[in-house]
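Heads up, the thing below is written out as structure tokens.
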Amino acid sequence: MNPEDMFASVGESTEDTEFFTSLPPGYKPGQTKFVIVVGTVMSGLGKGIFSSSLARILQDKGLSVAPIKLEGYLNRDSGTLNPYRHGEVFVLDDGMECDMDLGTYERMLNQDLTRLNFSTSGQIFSRVLEKERKGEYLGRDVQMIPHVTGEVKYHLRQLAVETGTDVVFVEIGGTAGDVENAYYLEAVRELAFEEGPNSCCFVALTYVVEPPSLGEQKSKPAQLNIKQLMAVGIMPHIIACRASRPVTRKVLEKLAMYSNVPIDRVFSMHDVETVYMIPEALREDGIDETVLETLDLKAKTDPKVEAESRANWSDYLSKYRAASTPVTIGITGKYTSLRDSYASIIQALEHAGTHHGIKVDIVWIDSTELSDQNVAQRLSGVDGVIIPGGFGVRGVDGKIACVKYAREHGLPYLGLCYGFQIAVIEFARNVCGLKGAGSTEIDPNAPHPVIDILPEQRALASMGGNMRLGGQDIDVAKGLMVSQMYGGVDSVRLRFRHRYEVAPDYIERLEAAGLVFCGRSPDQRIMQILELSAAEHPYFVATQAHAELTSRPLRPDPMFLGLVEAARDFSGGGKANQTKSAKVTAD
Ligand code: GLN
């Protein structure tokens, strides 16, 4: 049955039919294909990295792709999630706060995503309940099937319509067998049924264990969990096996045998040095051709486009392999025990280092253990330092000690969001001599509240949704360092996630003492980027934005490029002449 006939038989939802398939306006069945990636055995297999790499190799062939992550949790977005438990909160240009995987997709596909590319159970259920109140379910009892699953299918098809894309990549959060994502699995099963043959390609990402006591790879957990997927009516077209070492032929055969998947569709995916090597590895294994065959998409591909994008990508990888100058960057934060909390910063450093032929080594400095007394010793091995975004009081004193040290000793510094505010506080205290200068986030009664809540945020009381979020244009002062680093432009667009800003009353005093606010909101009201002049410091730059979120392998963020370059110079000599800058403590 072709897709049109299928939908003709489904028809509009009426009081009598058991089918419930409302289609978004403009949706043409059969026009968009779907690749659906489901995790088995356990979480943490890098499903986002895998899906985005797969999407990348189809994009390379000239196909347009739109990824979507379906999260099982009930939160409406990731804004209230603790980065220590869930990894960083990634912010999209339209202000959506989402899972860090969206960052992986944006970097891998070099594409800006929107809130349509991210969905949570909270969003799905909220919409279902809204529709119920409006009487859109024709007096029926509202059920997981067909109404909630119908909402999921609606969202996937809406993404297809609004992006006009060739292939939608659906990543289902969690693992087969979870209660949370069971209805997502049911929804995509229904989707494949309704869309018809060659419309959906199911990929089971699994894990092959190798217990040290056995020293041998075992396939049983993978087999059993793939069976669980089959029990809910999903037959994978492809199995991709994660493992620390290449998966043996014996294990691949067993998996093929037990899951009805031909052996040439069972792939080994072992660990690689940088995630950007994965697309090429998948291509070498022929997984791209297998997907194209399953979705009958071969005719739509363009070998010329593919040759060019592969060349650009492999250029990045050659530079990555060749990068040899060692540079150490310290990251002073609160969540340093969980690397995922700073995933985009790690990536941005890799992009910048690769561009300059520098191998960046990261050391994690726990801000809660830093003080004026131990800061020199703790920073002794680093060539540059970053203070990343953060919230609350814990670790603030350590961060201030860190900025003070960096500013006074010519140690290259990049402040991101909280790191920008901390730099302003430190400068106000130690250069402007404003005793007790602080942020009202840290101390509501600070004698000099140089960082204060944004007026528009004051009115918003609830925990979720009260931040200034998303992409904003920044006017940059021409002729200064930051503008030059961005190529002499007078405007850049970066992403934000904050509640506080530099208090307008203090701007003049800070600038008079030498702090240069070289980036401001177009209405000039909000300070967005600061720098110290080259005469004061070799590299002291901070931004209220999260510059790390928009750094891409082939388009590294200039502020990170500047930091890494300055750190290289510092390690190659600057370190030796660590003279105190002219602007030392005022008191
Ligand atoms: N806590 C600061 C604010 O809310 C900084 C936020 C951040 O670093 N993301 O303004």
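Identifiers for the structure tokens are assigned positionally: chains receive A, B, ... in sequence, residues are indexed from 1 per chain, and ligands are indexed from 1 in the order shown.
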- Using only C-alpha atoms and all ligand atoms, determine which residues fall within 7 Å of ligand 1, then list them as a VMD selection string. chain A and resid 388 to 392 416 to 419 441 497 to 501
- Mind checking DSSP for stretch 367-507 of chain A and telling me the helix (DSSP H, G or I) residues as a ChimeraX atom specification? /A:367-369,375-378,396-408,418-430,455-458,481-485,504-507
Can you pull out every residue within 9 Å of A:Thr543, counting only C-alpha atoms, but drop anything in the same chain fewer than 3 positions away, and send it as a CSV table (one decimal) with N, CA, C and O atoms, in the first residue's frame?
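part.csv was written with the following content:
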```
chain,number,residue,atom,x,y,z
A,414,LEU,N,39.7,33.9,30.0
A,414,LEU,CA,38.4,34.0,29.2
A,414,LEU,C,37.3,33.7,30.2
A,414,LEU,O,37.2,32.6,30.9
A,415,GLY,N,36.4,34.7,30.4
A,415,GLY,CA,35.3,34.5,31.3
A,415,GLY,C,34.0,34.3,30.5
A,415,GLY,O,33.8,35.1,29.5
A,416,LEU,N,33.2,33.4,30.9
A,416,LEU,CA,32.0,33.1,30.2
A,416,LEU,C,30.8,33.2,31.1
A,416,LEU,O,30.7,32.5,32.1
A,417,CYS,N,30.0,34.2,30.9
A,417,CYS,CA,28.8,34.4,31.7
A,417,CYS,C,29.1,34.7,33.1
A,417,CYS,O,29.5,35.8,33.4
A,418,TYR,N,29.0,33.7,34.0
A,418,TYR,CA,29.4,34.0,35.4
A,418,TYR,C,30.8,34.5,35.4
A,418,TYR,O,31.2,35.4,36.2
A,419,GLY,N,31.7,33.9,34.6
A,419,GLY,CA,33.1,34.3,34.5
A,419,GLY,C,33.3,35.8,34.1
A,419,GLY,O,34.3,36.4,34.4
A,420,PHE,N,32.3,36.3,33.4
A,420,PHE,CA,32.3,37.7,33.0
A,420,PHE,C,31.9,38.6,34.2
A,420,PHE,O,32.5,39.6,34.6
A,421,GLN,N,30.9,38.1,34.9
A,421,GLN,CA,30.4,38.9,36.1
A,421,GLN,C,31.5,38.9,37.2
A,421,GLN,O,31.7,39.9,37.9
A,519,GLY,N,31.5,45.2,23.9
A,519,GLY,CA,30.3,44.6,23.3
A,519,GLY,C,29.1,44.9,24.2
A,519,GLY,O,29.1,44.7,25.4
A,527,MET,N,25.7,45.2,29.1
A,527,MET,CA,27.1,45.0,28.8
A,527,MET,C,27.3,43.5,28.5
A,527,MET,O,26.9,42.6,29.3
A,528,GLN,N,27.9,43.2,27.3
A,528,GLN,CA,27.9,41.8,26.9
A,528,GLN,C,29.4,41.3,26.7
A,528,GLN,O,29.5,40.1,26.8
A,529,ILE,N,30.3,42.1,26.4
A,529,ILE,CA,31.7,41.6,26.3
A,529,ILE,C,32.6,42.7,26.8
A,529,ILE,O,32.4,43.9,26.7
A,530,LEU,N,33.7,42.2,27.5
A,530,LEU,CA,34.7,43.2,28.0
A,530,LEU,C,36.1,42.7,27.7
A,530,LEU,O,36.3,41.5,27.4
A,531,GLU,N,37.0,43.7,27.6
A,531,GLU,CA,38.4,43.3,27.4
A,531,GLU,C,39.3,44.3,28.1
A,531,GLU,O,38.8,45.4,28.5
A,546,HIS,N,27.4,32.8,26.2
A,546,HIS,CA,28.0,31.5,26.3
A,546,HIS,C,28.6,31.3,24.9
A,546,HIS,O,28.0,30.6,24.0
A,547,ALA,N,29.8,31.8,24.7
A,547,ALA,CA,30.5,31.7,23.3
A,547,ALA,C,30.7,30.3,23.0
A,547,ALA,O,30.8,30.0,21.8
```
- Query: atom CA of A:Val275 and atom CA of A:Arg107, how far apart in Å?
  - Reply: 10.5 Å
- Hey, which of A:Tyr342, A:Phe202, A:Phe267, A:Tyr207 ends up closest to A:His237? Count only C-alpha atoms.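 Ranking A:Tyr342, A:Phe202, A:Phe267, A:Tyr207 by distance to A:His237, first place goes to A:Phe202.
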Within stretch 359-523 of chain A, find each residue whose DSSP state, derived from the backbone, is strand (DSSP E or B), and express the selection as a compact mmCIF listing (two decimals) with N, CA and C atoms, in the first residue's frame.
```txt
# COMPACT_ATOMS: atom_id res chain seq x y z
N LYS A 359 47.66 21.39 20.92
CA LYS A 359 46.98 20.31 21.62
C LYS A 359 46.64 20.81 23.02
N VAL A 360 45.36 21.03 23.22
CA VAL A 360 44.95 21.62 24.50
C VAL A 360 44.74 20.52 25.54
N ASP A 361 45.40 20.73 26.65
CA ASP A 361 45.24 19.83 27.78
C ASP A 361 44.40 20.60 28.81
N ILE A 362 43.37 19.97 29.33
CA ILE A 362 42.51 20.70 30.27
C ILE A 362 42.78 20.23 31.69
N VAL A 363 42.96 21.18 32.61
CA VAL A 363 43.01 20.78 34.02
C VAL A 363 41.82 21.40 34.73
N TRP A 364 41.24 20.65 35.62
CA TRP A 364 40.02 21.07 36.30
C TRP A 364 40.39 21.61 37.67
N ILE A 365 39.95 22.81 37.92
CA ILE A 365 40.29 23.44 39.20
C ILE A 365 39.00 23.68 39.95
N ASP A 366 38.85 23.03 41.07
CA ASP A 366 37.61 23.15 41.84
C ASP A 366 37.60 24.49 42.55
N GLY A 384 46.59 29.31 30.63
CA GLY A 384 45.42 30.15 30.39
C GLY A 384 44.30 29.60 31.25
N VAL A 385 43.31 30.46 31.55
CA VAL A 385 42.27 29.98 32.46
C VAL A 385 40.90 30.45 32.00
N ILE A 386 39.92 29.59 32.23
CA ILE A 386 38.53 29.91 31.89
C ILE A 386 37.70 29.84 33.16
N ILE A 387 36.86 30.85 33.39
CA ILE A 387 35.82 30.68 34.41
C ILE A 387 34.51 30.57 33.65
N TYR A 413 43.05 34.99 30.12
CA TYR A 413 41.80 34.72 30.82
C TYR A 413 40.61 34.85 29.87
N LEU A 414 39.70 33.89 29.96
CA LEU A 414 38.43 33.99 29.25
C LEU A 414 37.30 33.72 30.25
N GLY A 415 36.43 34.70 30.43
CA GLY A 415 35.29 34.54 31.33
C GLY A 415 34.02 34.34 30.52
N LEU A 416 33.24 33.35 30.91
CA LEU A 416 32.02 33.05 30.18
C LEU A 416 30.83 33.20 31.12
N ALA A 437 32.33 45.16 46.69
CA ALA A 437 31.59 45.08 45.43
C ALA A 437 31.17 43.64 45.21
N GLY A 438 29.97 43.45 44.70
CA GLY A 438 29.50 42.07 44.52
C GLY A 438 28.30 42.01 43.60
N SER A 439 27.68 40.84 43.62
CA SER A 439 26.48 40.62 42.81
C SER A 439 25.33 40.38 43.78
N HIS A 448 28.30 47.53 47.16
CA HIS A 448 28.36 48.00 45.77
C HIS A 448 27.86 46.89 44.85
N PRO A 449 26.56 46.88 44.56
CA PRO A 449 26.02 45.80 43.71
C PRO A 449 26.35 46.05 42.24
N VAL A 450 27.60 45.76 41.87
CA VAL A 450 28.02 46.04 40.49
C VAL A 450 27.35 45.08 39.49
N ILE A 451 26.91 43.94 40.01
CA ILE A 451 26.13 43.01 39.19
C ILE A 451 24.76 42.91 39.85
N ASP A 452 23.75 43.23 39.08
CA ASP A 452 22.40 43.24 39.66
C ASP A 452 21.43 42.57 38.69
N ILE A 453 20.26 42.27 39.23
CA ILE A 453 19.29 41.54 38.40
C ILE A 453 18.81 42.42 37.23
N ARG A 468 17.14 35.44 30.81
CA ARG A 468 17.30 36.03 29.48
C ARG A 468 17.99 34.96 28.65
N LEU A 469 17.26 34.47 27.66
CA LEU A 469 17.71 33.26 26.99
C LEU A 469 17.83 33.40 25.49
N GLY A 470 18.79 32.69 24.94
CA GLY A 470 18.85 32.55 23.50
C GLY A 470 19.78 33.52 22.80
N GLY A 471 19.72 33.49 21.49
CA GLY A 471 20.63 34.31 20.68
C GLY A 471 20.26 35.78 20.76
N GLN A 472 21.27 36.62 20.89
CA GLN A 472 21.06 38.08 20.92
C GLN A 472 22.19 38.70 20.10
N ASP A 473 21.85 39.80 19.43
CA ASP A 473 22.89 40.52 18.69
C ASP A 473 23.69 41.38 19.67
N ILE A 474 24.96 41.48 19.39
CA ILE A 474 25.83 42.30 20.22
C ILE A 474 26.51 43.33 19.33
N ASP A 475 26.43 44.60 19.71
CA ASP A 475 27.19 45.63 18.99
C ASP A 475 28.61 45.59 19.50
N VAL A 476 29.58 45.42 18.62
CA VAL A 476 30.96 45.43 19.11
C VAL A 476 31.69 46.67 18.61
N SER A 491 29.08 43.76 14.67
CA SER A 491 27.99 43.07 15.35
C SER A 491 28.24 41.56 15.32
N VAL A 492 28.01 40.90 16.43
CA VAL A 492 28.09 39.44 16.46
C VAL A 492 26.83 38.92 17.16
N ARG A 493 26.51 37.66 16.92
CA ARG A 493 25.35 37.08 17.59
C ARG A 493 25.82 35.90 18.43
N LEU A 494 25.53 35.96 19.72
CA LEU A 494 25.91 34.87 20.61
C LEU A 494 24.69 34.48 21.44
N ARG A 495 24.84 33.42 22.23
CA ARG A 495 23.68 32.93 23.00
C ARG A 495 23.84 33.21 24.49
N PHE A 496 22.73 33.46 25.13
CA PHE A 496 22.74 33.90 26.53
C PHE A 496 21.86 33.01 27.41
N ARG A 497 22.21 33.00 28.69
CA ARG A 497 21.38 32.31 29.69
C ARG A 497 21.74 32.91 31.04
N HIS A 498 21.10 34.02 31.38
CA HIS A 498 21.45 34.67 32.64
C HIS A 498 20.30 35.51 33.18
N TYR A 500 21.32 38.10 35.64
CA TYR A 500 21.98 39.31 36.17
C TYR A 500 22.79 40.00 35.07
N GLU A 501 23.12 41.27 35.33
CA GLU A 501 23.88 42.06 34.34
C GLU A 501 24.75 43.07 35.10
N VAL A 502 25.62 43.75 34.37
CA VAL A 502 26.42 44.81 34.99
C VAL A 502 25.47 45.97 35.32
N VAL A 516 37.20 47.77 29.59
CA VAL A 516 36.59 48.22 28.33
C VAL A 516 35.40 47.33 27.99
N PHE A 517 34.21 47.92 27.99
CA PHE A 517 33.04 47.16 27.56
C PHE A 517 32.93 47.30 26.05
N CYS A 518 33.50 46.32 25.37
CA CYS A 518 33.61 46.44 23.91
C CYS A 518 32.42 45.80 23.20
N GLY A 519 31.52 45.16 23.95
CA GLY A 519 30.33 44.59 23.34
C GLY A 519 29.12 44.92 24.19
N ARG A 520 28.08 45.48 23.54
CA ARG A 520 26.87 45.88 24.27
C ARG A 520 25.64 45.46 23.47
```
- Message: Just to confirm, what's the straight-line distance from atom CA of A:Leu54 to atom CA of A:Asp77 in Å (one decimal)?
- Response: 25.1 Å
- Query: Of the candidates A:Ala477, A:Leu109, A:Met485, A:Ala406, which one gets nearest to A:Tyr276 if we count only C-alpha atoms?
  - Reply: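 Using only C-alpha atoms, the shortest distance to A:Tyr276 belongs to A:Leu109.
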Hey, could you make a per-residue contact list for stretch 25-60 of chain A against stretch 283-307 of chain A with 12 Å as the cut-off, showing the nearest pair of atoms and its distance in Å to one decimal, counting only C-alpha atoms, sorted by chain and number, as a Markdown table?
```
| residue | atom | partner | partner_atom | distance |
| --- | --- | --- | --- | --- |
| A:Gly30 | CA | A:Leu295 | CA | 10.5 |
| A:Gln31 | CA | A:Leu297 | CA | 10.9 |
| A:Thr32 | CA | A:Leu295 | CA | 9.8 |
| A:Lys33 | CA | A:Leu295 | CA | 6.7 |
| A:Phe34 | CA | A:Leu295 | CA | 8.2 |
| A:Val35 | CA | A:Val291 | CA | 8.1 |
| A:Ile36 | CA | A:Val291 | CA | 10.9 |
| A:Val37 | CA | A:Val291 | CA | 11.9 |
| A:Phe50 | CA | A:Ile287 | CA | 11.5 |
| A:Ser51 | CA | A:Asp288 | CA | 11.8 |
| A:Ser53 | CA | A:Arg283 | CA | 9.6 |
| A:Leu54 | CA | A:Asp288 | CA | 7.2 |
| A:Ala55 | CA | A:Asp288 | CA | 9.2 |
| A:Arg56 | CA | A:Asp288 | CA | 9.8 |
| A:Ile57 | CA | A:Asp288 | CA | 6.6 |
| A:Leu58 | CA | A:Asp288 | CA | 6.8 |
| A:Gln59 | CA | A:Glu306 | CA | 8.3 |
| A:Asp60 | CA | A:Glu306 | CA | 4.8 |
```
Only N, CA and C atoms, please: the residues just picked out, written as a tab-separated table (two decimals), in the first residue's frame.
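out_10.tsv was written with the following content:
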```tsv
chain	number	residue	atom	x	y	z
A	30	GLY	N	5.05	10.26	2.78
A	30	GLY	CA	6.00	9.68	1.83
A	30	GLY	C	7.09	10.64	1.40
A	31	GLN	N	6.91	11.94	1.70
A	31	GLN	CA	7.91	12.89	1.24
A	31	GLN	C	9.15	12.91	2.14
A	32	THR	N	8.93	12.67	3.41
A	32	THR	CA	10.05	12.69	4.36
A	32	THR	C	10.33	11.27	4.84
A	33	LYS	N	11.60	10.98	4.99
A	33	LYS	CA	11.99	9.67	5.53
A	33	LYS	C	12.41	9.86	6.97
A	34	PHE	N	12.39	8.79	7.74
A	34	PHE	CA	12.74	8.87	9.15
A	34	PHE	C	13.81	7.83	9.49
A	35	VAL	N	14.84	8.27	10.21
A	35	VAL	CA	15.81	7.33	10.79
A	35	VAL	C	15.57	7.40	12.29
A	36	ILE	N	15.34	6.25	12.92
A	36	ILE	CA	14.99	6.26	14.34
A	36	ILE	C	16.04	5.46	15.12
A	37	VAL	N	16.69	6.14	16.03
A	37	VAL	CA	17.78	5.49	16.78
A	37	VAL	C	17.32	5.20	18.21
A	50	PHE	N	26.34	9.24	17.95
A	50	PHE	CA	26.12	8.27	16.86
A	50	PHE	C	25.08	8.82	15.88
A	51	SER	N	23.93	9.26	16.41
A	51	SER	CA	22.85	9.74	15.52
A	51	SER	C	23.32	10.93	14.71
A	53	SER	N	26.34	11.71	13.86
A	53	SER	CA	27.33	11.30	12.85
A	53	SER	C	26.64	10.67	11.65
A	54	LEU	N	25.60	9.89	11.95
A	54	LEU	CA	24.84	9.25	10.88
A	54	LEU	C	24.12	10.32	10.05
A	55	ALA	N	23.55	11.29	10.76
A	55	ALA	CA	22.87	12.39	10.06
A	55	ALA	C	23.88	13.15	9.20
A	56	ARG	N	25.07	13.32	9.75
A	56	ARG	CA	26.11	14.07	9.03
A	56	ARG	C	26.46	13.39	7.69
A	57	ILE	N	26.59	12.06	7.71
A	57	ILE	CA	27.02	11.41	6.46
A	57	ILE	C	25.91	11.44	5.40
A	58	LEU	N	24.66	11.57	5.84
A	58	LEU	CA	23.60	11.74	4.84
A	58	LEU	C	23.58	13.19	4.36
A	59	GLN	N	23.81	14.11	5.30
A	59	GLN	CA	23.88	15.53	4.92
A	59	GLN	C	25.01	15.74	3.90
A	60	ASP	N	26.14	15.05	4.14
A	60	ASP	CA	27.27	15.14	3.21
A	60	ASP	C	26.87	14.77	1.79
```
- Task: Rank A:Arg568, A:Arg115, A:Arg245, A:Arg140 by their smallest atom-to-atom distance to A:Asp93, using only C-alpha atoms, and report the top residue only.
- Result: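 Going through A:Arg568, A:Arg115, A:Arg245, A:Arg140 one by one, the smallest distance to A:Asp93 is for A:Arg115.
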- Tell me, as a PyMOL selection string, which residues lie within 12 Å of A:Leu561, counting only C-alpha atoms; anything in the same chain fewer than 4 positions away does not count. chain A and resi 348-358+360+384+412+414+482+485-486+539+541+547-548+551-553+555-557+565-568
Store the residues picked out above in a file with N, CA and C atoms, as a CSV table (one decimal), in the first residue's frame.
```csv
chain,number,residue,atom,x,y,z
A,348,ALA,N,34.8,23.5,22.3
A,348,ALA,CA,35.2,24.8,21.7
A,348,ALA,C,36.8,24.9,21.8
A,349,LEU,N,37.3,24.4,22.9
A,349,LEU,CA,38.8,24.4,23.1
A,349,LEU,C,39.4,23.5,22.0
A,350,GLU,N,38.8,22.3,21.8
A,350,GLU,CA,39.3,21.4,20.8
A,350,GLU,C,39.3,22.1,19.4
A,351,HIS,N,38.2,22.8,19.1
A,351,HIS,CA,38.1,23.5,17.8
A,351,HIS,C,39.2,24.5,17.6
A,352,ALA,N,39.4,25.3,18.7
A,352,ALA,CA,40.3,26.4,18.6
A,352,ALA,C,41.7,25.9,18.6
A,353,GLY,N,42.0,24.9,19.4
A,353,GLY,CA,43.4,24.3,19.4
A,353,GLY,C,43.7,23.7,18.1
A,354,THR,N,42.8,22.9,17.5
A,354,THR,CA,43.0,22.3,16.2
A,354,THR,C,43.4,23.3,15.2
A,355,HIS,N,42.6,24.4,15.2
A,355,HIS,CA,42.8,25.5,14.2
A,355,HIS,C,44.2,26.0,14.3
A,356,HIS,N,44.8,26.2,15.5
A,356,HIS,CA,46.1,26.7,15.7
A,356,HIS,C,47.2,25.7,15.8
A,357,GLY,N,46.9,24.4,15.6
A,357,GLY,CA,47.9,23.4,15.7
A,357,GLY,C,48.3,23.2,17.1
A,358,ILE,N,47.4,23.4,18.0
A,358,ILE,CA,47.7,23.3,19.5
A,358,ILE,C,47.0,22.2,20.1
A,360,VAL,N,45.4,21.0,23.2
A,360,VAL,CA,44.9,21.6,24.5
A,360,VAL,C,44.7,20.5,25.5
A,384,GLY,N,46.6,29.3,30.6
A,384,GLY,CA,45.4,30.1,30.4
A,384,GLY,C,44.3,29.6,31.3
A,412,PRO,N,46.5,34.5,30.5
A,412,PRO,CA,45.4,34.7,29.6
A,412,PRO,C,44.1,34.2,30.3
A,414,LEU,N,39.7,33.9,30.0
A,414,LEU,CA,38.4,34.0,29.2
A,414,LEU,C,37.3,33.7,30.2
A,482,VAL,N,38.4,42.6,20.5
A,482,VAL,CA,37.4,41.6,20.2
A,482,VAL,C,36.8,41.7,18.8
A,485,MET,N,39.2,40.3,16.4
A,485,MET,CA,39.2,38.8,16.4
A,485,MET,C,38.0,38.2,15.6
A,486,TYR,N,36.9,38.9,15.6
A,486,TYR,CA,35.8,38.5,14.8
A,486,TYR,C,35.8,38.9,13.4
A,539,TYR,N,45.9,39.0,27.3
A,539,TYR,CA,44.6,38.5,26.9
A,539,TYR,C,43.6,38.4,28.1
A,541,VAL,N,39.7,38.7,28.4
A,541,VAL,CA,38.4,38.9,27.7
A,541,VAL,C,37.3,38.1,28.4
A,547,ALA,N,29.8,31.8,24.7
A,547,ALA,CA,30.5,31.7,23.3
A,547,ALA,C,30.7,30.3,23.0
A,548,GLU,N,30.9,29.4,24.0
A,548,GLU,CA,31.2,28.0,23.7
A,548,GLU,C,30.1,27.3,22.9
A,551,SER,N,30.5,27.6,19.0
A,551,SER,CA,31.8,27.2,18.3
A,551,SER,C,31.5,25.9,17.5
A,552,ARG,N,32.0,25.9,16.4
A,552,ARG,CA,31.9,24.7,15.5
A,552,ARG,C,33.2,24.2,15.0
A,553,PRO,N,33.4,23.0,14.7
A,553,PRO,CA,34.7,22.5,14.3
A,553,PRO,C,35.3,23.3,13.1
A,555,ARG,N,34.3,26.3,12.3
A,555,ARG,CA,34.1,27.7,12.6
A,555,ARG,C,34.3,28.0,14.1
A,556,PRO,N,35.6,27.8,14.5
A,556,PRO,CA,35.8,28.0,16.0
A,556,PRO,C,35.5,29.4,16.4
A,557,ASP,N,35.1,29.5,17.7
A,557,ASP,CA,34.7,30.8,18.2
A,557,ASP,C,36.0,31.6,18.4
A,565,GLU,N,45.6,30.9,21.6
A,565,GLU,CA,46.8,31.5,21.0
A,565,GLU,C,47.6,32.3,22.1
A,566,ALA,N,46.9,33.0,22.9
A,566,ALA,CA,47.6,33.7,24.0
A,566,ALA,C,48.2,32.8,25.0
A,567,ALA,N,47.5,31.7,25.2
A,567,ALA,CA,48.1,30.7,26.2
A,567,ALA,C,49.4,30.0,25.6
A,568,ARG,N,49.4,29.8,24.3
A,568,ARG,CA,50.6,29.3,23.7
A,568,ARG,C,51.8,30.3,23.9
```
- Item | Residue nearest A:Leu515 - candidates A:Ile345, A:Asp569, A:Val431, A:Ser199, atoms counted: only C-alpha atoms | A:Val431
- Query: What is the atom CA of A:Phe570-atom CA of A:Gln544 distance in Å, reported with one decimal?
  - Reply: 24.8 Å
